[in-house]
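First comes the structure, then the notes that go with it.
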Amino acid sequence: MTSDHDPLLTGLAAMAVPAPGRLLDKVTARWTRVPGPAGDVYVATTDLGVAYVRSAGSAEEFAGLFRARFGRPLLPAARPPAGLLTALRTGRVRLDLRGLTPFAASVLAAAATIPRGETRPYGWIARQAGRPRAVRAAASALAANPVPLLIPCHRIVQADGVAGGYVFGTPSKEALLRLEGANLDEVRDLAAAGTRYLASDTTGVVCFPSCHNARRITPAHRHGFASLAAAGQAGFRPCLHCLPA
């Protein structure tokens with residue numbers, strides 16, 4: 001990944017005086033390859049934060065993907081940014097999300113609130129983003145997530161509990177969720193039996209089955225419902241943690 005054929009980098013290199021401090025970091029991004037929870041990934045970082053995470057067969061392929069999307073050249077980083085390896089598991093790192101549409105930004109902001117080990121359906125993410133009928137548009141925004149792993153779009157699944165698509169592939173999505181302790185098999189089995197929500201007659205609360213509150217309900221106090229409306233008619237109120245709707 002050199003500057004030989006990049007006019008911007010070539011021009012900077014030809015300046016008669018040294019470039020001002022950090023100028024390169026304002027007009028380029030830095031790449032590094034690091035181990036992620038489901039295999040190695042390439043990461044591009046700008047002066048504002050992490051901007052892009054993808055798997056690729058080579059640094060050149062990754063640079064091509066980045067340039068096609070952002071129009072900026074890449075230079076190799078001397079080392080991964082501080083805290084990046086931990087952030088790939090926790091999501092806590094500074095991000096550069098310039099260029100997103102307001103709706104895409106809302107979708108990713110909602111995805112970022114889903115706790116580790118829990119999942120939410122695509123319909124939920126559309127509602128949280130303010131457009132409850134735009135489920136397909138929300139799915140497209142998740143598919144284009146520039147920083148998967150850091151914003152956990154893998155925690156959005158189909159209403160029937162099936163994992164669904166993912167930028168790193170469905171097997172990687174399932175592996176990530178299982179690594180986090182998500183109850184994928186239980187959610188799928190419940191959905192196959194017509195149960196999309198679980199309620200507790202002890203707390204009077206109804207949840208998504210992956211919610212940590214739902215997973216604490218003992219069998220004697222657990223009630224299943226196909227819809228939130230049916231749970232409401234039975235006297236249960238929505239969980240304030242998982243916000244079923």
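By convention here, the chains of the structure tokens are called A, B, ... in the order presented, each chain's residues are numbered starting at 1, and ligands are numbered starting at 1 in the order presented.
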Contacts of Leu243 (chain A) within 10 Å, only C-alpha atoms, excl. fewer than 6 positions in-chain, as a ChimeraX atom specification: /A:120,124,128,206-208,211
Output of the above residues as a PDB file, in the first residue's frame, restricted to all heavy atoms:
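Full text of part34.pdb as output:
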ATOM      1  N   ARG A 120     -32.003  -8.531  19.400  1.00  0.00           N
ATOM      2  CA  ARG A 120     -33.250  -7.832  19.133  1.00  0.00           C
ATOM      3  C   ARG A 120     -33.641  -8.107  17.675  1.00  0.00           C
ATOM      4  O   ARG A 120     -32.764  -8.267  16.822  1.00  0.00           O
ATOM      5  CB  ARG A 120     -33.097  -6.322  19.326  1.00  0.00           C
ATOM      6  CG  ARG A 120     -32.631  -5.887  20.715  1.00  0.00           C
ATOM      7  CD  ARG A 120     -33.708  -6.037  21.759  1.00  0.00           C
ATOM      8  NE  ARG A 120     -33.242  -5.509  23.044  1.00  0.00           N
ATOM      9  CZ  ARG A 120     -32.617  -6.225  23.971  1.00  0.00           C
ATOM     10  NH1 ARG A 120     -32.394  -7.518  23.768  1.00  0.00           N
ATOM     11  NH2 ARG A 120     -32.235  -5.672  25.112  1.00  0.00           N
ATOM     12  N   TRP A 124     -37.540  -4.194  15.776  1.00  0.00           N
ATOM     13  CA  TRP A 124     -37.211  -3.377  16.949  1.00  0.00           C
ATOM     14  C   TRP A 124     -36.260  -2.257  16.565  1.00  0.00           C
ATOM     15  O   TRP A 124     -36.433  -1.099  16.981  1.00  0.00           O
ATOM     16  CB  TRP A 124     -36.572  -4.264  18.018  1.00  0.00           C
ATOM     17  CG  TRP A 124     -36.139  -3.558  19.267  1.00  0.00           C
ATOM     18  CD1 TRP A 124     -36.893  -3.349  20.392  1.00  0.00           C
ATOM     19  CD2 TRP A 124     -34.854  -2.975  19.536  1.00  0.00           C
ATOM     20  NE1 TRP A 124     -36.160  -2.674  21.344  1.00  0.00           N
ATOM     21  CE2 TRP A 124     -34.899  -2.432  20.840  1.00  0.00           C
ATOM     22  CE3 TRP A 124     -33.679  -2.871  18.809  1.00  0.00           C
ATOM     23  CZ2 TRP A 124     -33.810  -1.790  21.418  1.00  0.00           C
ATOM     24  CZ3 TRP A 124     -32.583  -2.228  19.377  1.00  0.00           C
ATOM     25  CH2 TRP A 124     -32.666  -1.694  20.668  1.00  0.00           C
ATOM     26  N   GLN A 128     -36.811   1.761  17.013  1.00  0.00           N
ATOM     27  CA  GLN A 128     -35.902   2.580  17.811  1.00  0.00           C
ATOM     28  C   GLN A 128     -35.294   3.716  16.989  1.00  0.00           C
ATOM     29  O   GLN A 128     -34.956   4.762  17.533  1.00  0.00           O
ATOM     30  CB  GLN A 128     -34.784   1.717  18.396  1.00  0.00           C
ATOM     31  CG  GLN A 128     -35.246   0.714  19.439  1.00  0.00           C
ATOM     32  CD  GLN A 128     -35.886   1.376  20.636  1.00  0.00           C
ATOM     33  OE1 GLN A 128     -37.085   1.215  20.882  1.00  0.00           O
ATOM     34  NE2 GLN A 128     -35.119   2.130  21.380  1.00  0.00           N
ATOM     35  N   VAL A 206     -43.120  -8.083  30.590  1.00  0.00           N
ATOM     36  CA  VAL A 206     -42.939  -8.919  29.412  1.00  0.00           C
ATOM     37  C   VAL A 206     -41.703  -8.465  28.657  1.00  0.00           C
ATOM     38  O   VAL A 206     -41.438  -7.261  28.539  1.00  0.00           O
ATOM     39  CB  VAL A 206     -44.191  -8.885  28.496  1.00  0.00           C
ATOM     40  CG1 VAL A 206     -44.500  -7.470  28.011  1.00  0.00           C
ATOM     41  CG2 VAL A 206     -44.025  -9.828  27.312  1.00  0.00           C
ATOM     42  N   CYS A 207     -40.931  -9.429  28.154  1.00  0.00           N
ATOM     43  CA  CYS A 207     -39.625  -9.149  27.544  1.00  0.00           C
ATOM     44  C   CYS A 207     -39.444  -9.921  26.245  1.00  0.00           C
ATOM     45  O   CYS A 207     -40.161 -10.883  25.960  1.00  0.00           O
ATOM     46  CB  CYS A 207     -38.490  -9.600  28.474  1.00  0.00           C
ATOM     47  SG  CYS A 207     -38.534  -9.011  30.151  1.00  0.00           S
ATOM     48  N   PHE A 208     -38.424  -9.526  25.489  1.00  0.00           N
ATOM     49  CA  PHE A 208     -37.898 -10.404  24.451  1.00  0.00           C
ATOM     50  C   PHE A 208     -37.229 -11.592  25.147  1.00  0.00           C
ATOM     51  O   PHE A 208     -36.624 -11.431  26.221  1.00  0.00           O
ATOM     52  CB  PHE A 208     -36.875  -9.678  23.578  1.00  0.00           C
ATOM     53  CG  PHE A 208     -37.457  -8.664  22.642  1.00  0.00           C
ATOM     54  CD1 PHE A 208     -37.089  -7.325  22.732  1.00  0.00           C
ATOM     55  CD2 PHE A 208     -38.359  -9.041  21.653  1.00  0.00           C
ATOM     56  CE1 PHE A 208     -37.622  -6.390  21.861  1.00  0.00           C
ATOM     57  CE2 PHE A 208     -38.905  -8.109  20.771  1.00  0.00           C
ATOM     58  CZ  PHE A 208     -38.530  -6.776  20.884  1.00  0.00           C
ATOM     59  N   CYS A 211     -33.658 -11.189  26.551  1.00  0.00           N
ATOM     60  CA  CYS A 211     -33.420 -10.192  27.600  1.00  0.00           C
ATOM     61  C   CYS A 211     -32.935 -10.883  28.870  1.00  0.00           C
ATOM     62  O   CYS A 211     -33.429 -11.947  29.240  1.00  0.00           O
ATOM     63  CB  CYS A 211     -34.711  -9.428  27.867  1.00  0.00           C
ATOM     64  SG  CYS A 211     -34.620  -8.239  29.222  1.00  0.00           S
TER      65      CYS A 211
END
Which of region 8-245 of chain A DSSP labels alpha helix (DSSP H), written as JSON, numbers by chain: {"A": [8, 9, 10, 11, 12, 13, 23, 24, 25, 26, 27, 59, 60, 61, 62, 63, 64, 65, 66, 67, 68, 69, 70, 84, 85, 86, 87, 88, 89, 90, 102, 103, 104, 105, 106, 107, 108, 109, 110, 111, 122, 123, 124, 125, 126, 127, 128, 135, 136, 137, 138, 139, 140, 141, 142, 143, 170, 171, 172, 173, 174, 175, 176, 177, 178, 179, 180, 184, 185, 186, 187, 188, 189, 190, 191, 192, 228, 229, 230, 231, 232, 233]}
Export of prior selection with C-alpha atoms as a PDB file, in the first residue's frame:
ATOM      1  CA  LEU A   8      -2.844  13.193  -3.116  1.00  0.00           C
ATOM      2  CA  LEU A   9       0.042  11.406  -1.436  1.00  0.00           C
ATOM      3  CA  THR A  10       2.345  12.118  -4.371  1.00  0.00           C
ATOM      4  CA  GLY A  11       1.507  15.812  -4.110  1.00  0.00           C
ATOM      5  CA  LEU A  12       2.156  15.887  -0.400  1.00  0.00           C
ATOM      6  CA  ALA A  13       5.473  14.152  -0.897  1.00  0.00           C
ATOM      7  CA  LEU A  23      -1.637  16.955   8.008  1.00  0.00           C
ATOM      8  CA  LEU A  24      -1.350  13.425   6.654  1.00  0.00           C
ATOM      9  CA  ASP A  25      -3.585  12.171   9.425  1.00  0.00           C
ATOM     10  CA  LYS A  26      -6.258  14.675   8.412  1.00  0.00           C
ATOM     11  CA  VAL A  27      -6.352  13.666   4.750  1.00  0.00           C
ATOM     12  CA  ALA A  59      -4.131  -5.031   2.754  1.00  0.00           C
ATOM     13  CA  GLU A  60      -4.509  -3.962  -0.875  1.00  0.00           C
ATOM     14  CA  GLU A  61      -8.020  -5.401  -1.038  1.00  0.00           C
ATOM     15  CA  PHE A  62      -8.949  -3.628   2.193  1.00  0.00           C
ATOM     16  CA  ALA A  63      -7.511  -0.350   0.865  1.00  0.00           C
ATOM     17  CA  GLY A  64      -9.646  -0.722  -2.245  1.00  0.00           C
ATOM     18  CA  LEU A  65     -12.797  -1.256  -0.187  1.00  0.00           C
ATOM     19  CA  PHE A  66     -11.986   1.739   1.986  1.00  0.00           C
ATOM     20  CA  ARG A  67     -11.124   4.039  -0.926  1.00  0.00           C
ATOM     21  CA  ALA A  68     -14.303   3.071  -2.804  1.00  0.00           C
ATOM     22  CA  ARG A  69     -16.448   3.980   0.178  1.00  0.00           C
ATOM     23  CA  PHE A  70     -14.637   6.962   1.673  1.00  0.00           C
ATOM     24  CA  LEU A  84      -8.456  -1.266  19.935  1.00  0.00           C
ATOM     25  CA  LEU A  85      -8.076  -4.965  20.736  1.00  0.00           C
ATOM     26  CA  THR A  86     -10.178  -4.609  23.866  1.00  0.00           C
ATOM     27  CA  ALA A  87     -12.695  -2.453  22.007  1.00  0.00           C
ATOM     28  CA  LEU A  88     -13.311  -5.183  19.421  1.00  0.00           C
ATOM     29  CA  ARG A  89     -14.908  -7.104  22.289  1.00  0.00           C
ATOM     30  CA  THR A  90     -16.442  -4.249  24.278  1.00  0.00           C
ATOM     31  CA  PRO A 102     -29.427  10.563   9.796  1.00  0.00           C
ATOM     32  CA  PHE A 103     -31.479   7.352   9.579  1.00  0.00           C
ATOM     33  CA  ALA A 104     -28.406   5.116   9.318  1.00  0.00           C
ATOM     34  CA  ALA A 105     -26.874   6.934  12.273  1.00  0.00           C
ATOM     35  CA  SER A 106     -30.064   6.333  14.277  1.00  0.00           C
ATOM     36  CA  VAL A 107     -30.038   2.632  13.359  1.00  0.00           C
ATOM     37  CA  LEU A 108     -26.432   2.205  14.449  1.00  0.00           C
ATOM     38  CA  ALA A 109     -27.013   4.217  17.624  1.00  0.00           C
ATOM     39  CA  ALA A 110     -29.859   1.852  18.519  1.00  0.00           C
ATOM     40  CA  ALA A 111     -27.744  -1.213  17.750  1.00  0.00           C
ATOM     41  CA  TYR A 122     -35.029  -6.134  12.910  1.00  0.00           C
ATOM     42  CA  GLY A 123     -38.459  -4.614  13.590  1.00  0.00           C
ATOM     43  CA  TRP A 124     -37.211  -3.377  16.949  1.00  0.00           C
ATOM     44  CA  ILE A 125     -34.249  -1.568  15.430  1.00  0.00           C
ATOM     45  CA  ALA A 126     -36.509   0.196  12.906  1.00  0.00           C
ATOM     46  CA  ARG A 127     -38.803   1.373  15.705  1.00  0.00           C
ATOM     47  CA  GLN A 128     -35.902   2.580  17.811  1.00  0.00           C
ATOM     48  CA  VAL A 135     -37.496  -2.615   8.461  1.00  0.00           C
ATOM     49  CA  ARG A 136     -35.748  -3.285   5.156  1.00  0.00           C
ATOM     50  CA  ALA A 137     -34.065   0.112   5.202  1.00  0.00           C
ATOM     51  CA  ALA A 138     -32.875  -0.588   8.747  1.00  0.00           C
ATOM     52  CA  ALA A 139     -31.503  -3.953   7.633  1.00  0.00           C
ATOM     53  CA  SER A 140     -29.655  -2.222   4.784  1.00  0.00           C
ATOM     54  CA  ALA A 141     -28.157   0.301   7.204  1.00  0.00           C
ATOM     55  CA  LEU A 142     -26.955  -2.545   9.411  1.00  0.00           C
ATOM     56  CA  ALA A 143     -25.475  -4.368   6.418  1.00  0.00           C
ATOM     57  CA  THR A 170     -23.905 -15.904   9.056  1.00  0.00           C
ATOM     58  CA  PRO A 171     -21.639 -18.558  10.642  1.00  0.00           C
ATOM     59  CA  SER A 172     -19.457 -15.801  12.103  1.00  0.00           C
ATOM     60  CA  LYS A 173     -22.567 -14.005  13.355  1.00  0.00           C
ATOM     61  CA  GLU A 174     -23.787 -17.106  15.167  1.00  0.00           C
ATOM     62  CA  ALA A 175     -20.315 -17.780  16.543  1.00  0.00           C
ATOM     63  CA  LEU A 176     -20.090 -14.233  17.913  1.00  0.00           C
ATOM     64  CA  LEU A 177     -23.498 -14.477  19.563  1.00  0.00           C
ATOM     65  CA  ARG A 178     -22.701 -17.821  21.150  1.00  0.00           C
ATOM     66  CA  LEU A 179     -19.372 -16.467  22.332  1.00  0.00           C
ATOM     67  CA  GLU A 180     -21.278 -13.666  24.055  1.00  0.00           C
ATOM     68  CA  LEU A 184     -29.954 -18.444  20.134  1.00  0.00           C
ATOM     69  CA  ASP A 185     -31.337 -21.967  20.269  1.00  0.00           C
ATOM     70  CA  GLU A 186     -33.939 -21.120  22.914  1.00  0.00           C
ATOM     71  CA  VAL A 187     -35.108 -18.037  21.016  1.00  0.00           C
ATOM     72  CA  ARG A 188     -35.492 -20.076  17.816  1.00  0.00           C
ATOM     73  CA  ASP A 189     -37.314 -22.902  19.594  1.00  0.00           C
ATOM     74  CA  LEU A 190     -39.709 -20.482  21.273  1.00  0.00           C
ATOM     75  CA  ALA A 191     -40.403 -18.693  17.979  1.00  0.00           C
ATOM     76  CA  ALA A 192     -41.076 -22.034  16.249  1.00  0.00           C
ATOM     77  CA  LEU A 228     -47.020  -7.799  22.738  1.00  0.00           C
ATOM     78  CA  ALA A 229     -50.701  -6.904  22.428  1.00  0.00           C
ATOM     79  CA  ALA A 230     -51.682 -10.294  23.808  1.00  0.00           C
ATOM     80  CA  ALA A 231     -49.270  -9.837  26.711  1.00  0.00           C
ATOM     81  CA  GLY A 232     -50.748  -6.416  27.402  1.00  0.00           C
ATOM     82  CA  GLN A 233     -54.259  -7.798  27.419  1.00  0.00           C
TER      83      GLN A 233
END
Given only C-alpha atoms as the counted atoms, nearest of A:Ala226, A:Ala78, A:Ala51, A:Ala134 to Ile151 (chain A): A:Ala51
Determine which residues of region 113-189 of chain A receive a DSSP assignment of strand (DSSP E or B), computed from the backbone, and state them as a count of residues only. 6
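Closest approach to Tyr52 (chain A) among A:Arg98, A:Cys242, A:Arg215, A:Thr203 is made by A:Arg98 (distances from only C-alpha atoms).
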If you count only C-alpha atoms, the residue of A:Ala199, A:Pro146, A:Ser210, A:Pro115 closest to Gly161 (chain A) turns out to be A:Ser210
Residues near Pro80 (chain A), cut-off 9 Å, only C-alpha atoms, skip fewer than 4 positions along chain, as a ChimeraX atom specification: /A:31-34,43,84-85
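Across the model, the gap from CA of Ala159 (chain A) to CA of Gly204 (chain A) is 23.0 Å.
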From the list A:Ala38, A:Ser58, A:Arg30, A:Asp160, the nearest residue to Arg79 (chain A) using only C-alpha atoms is A:Arg30
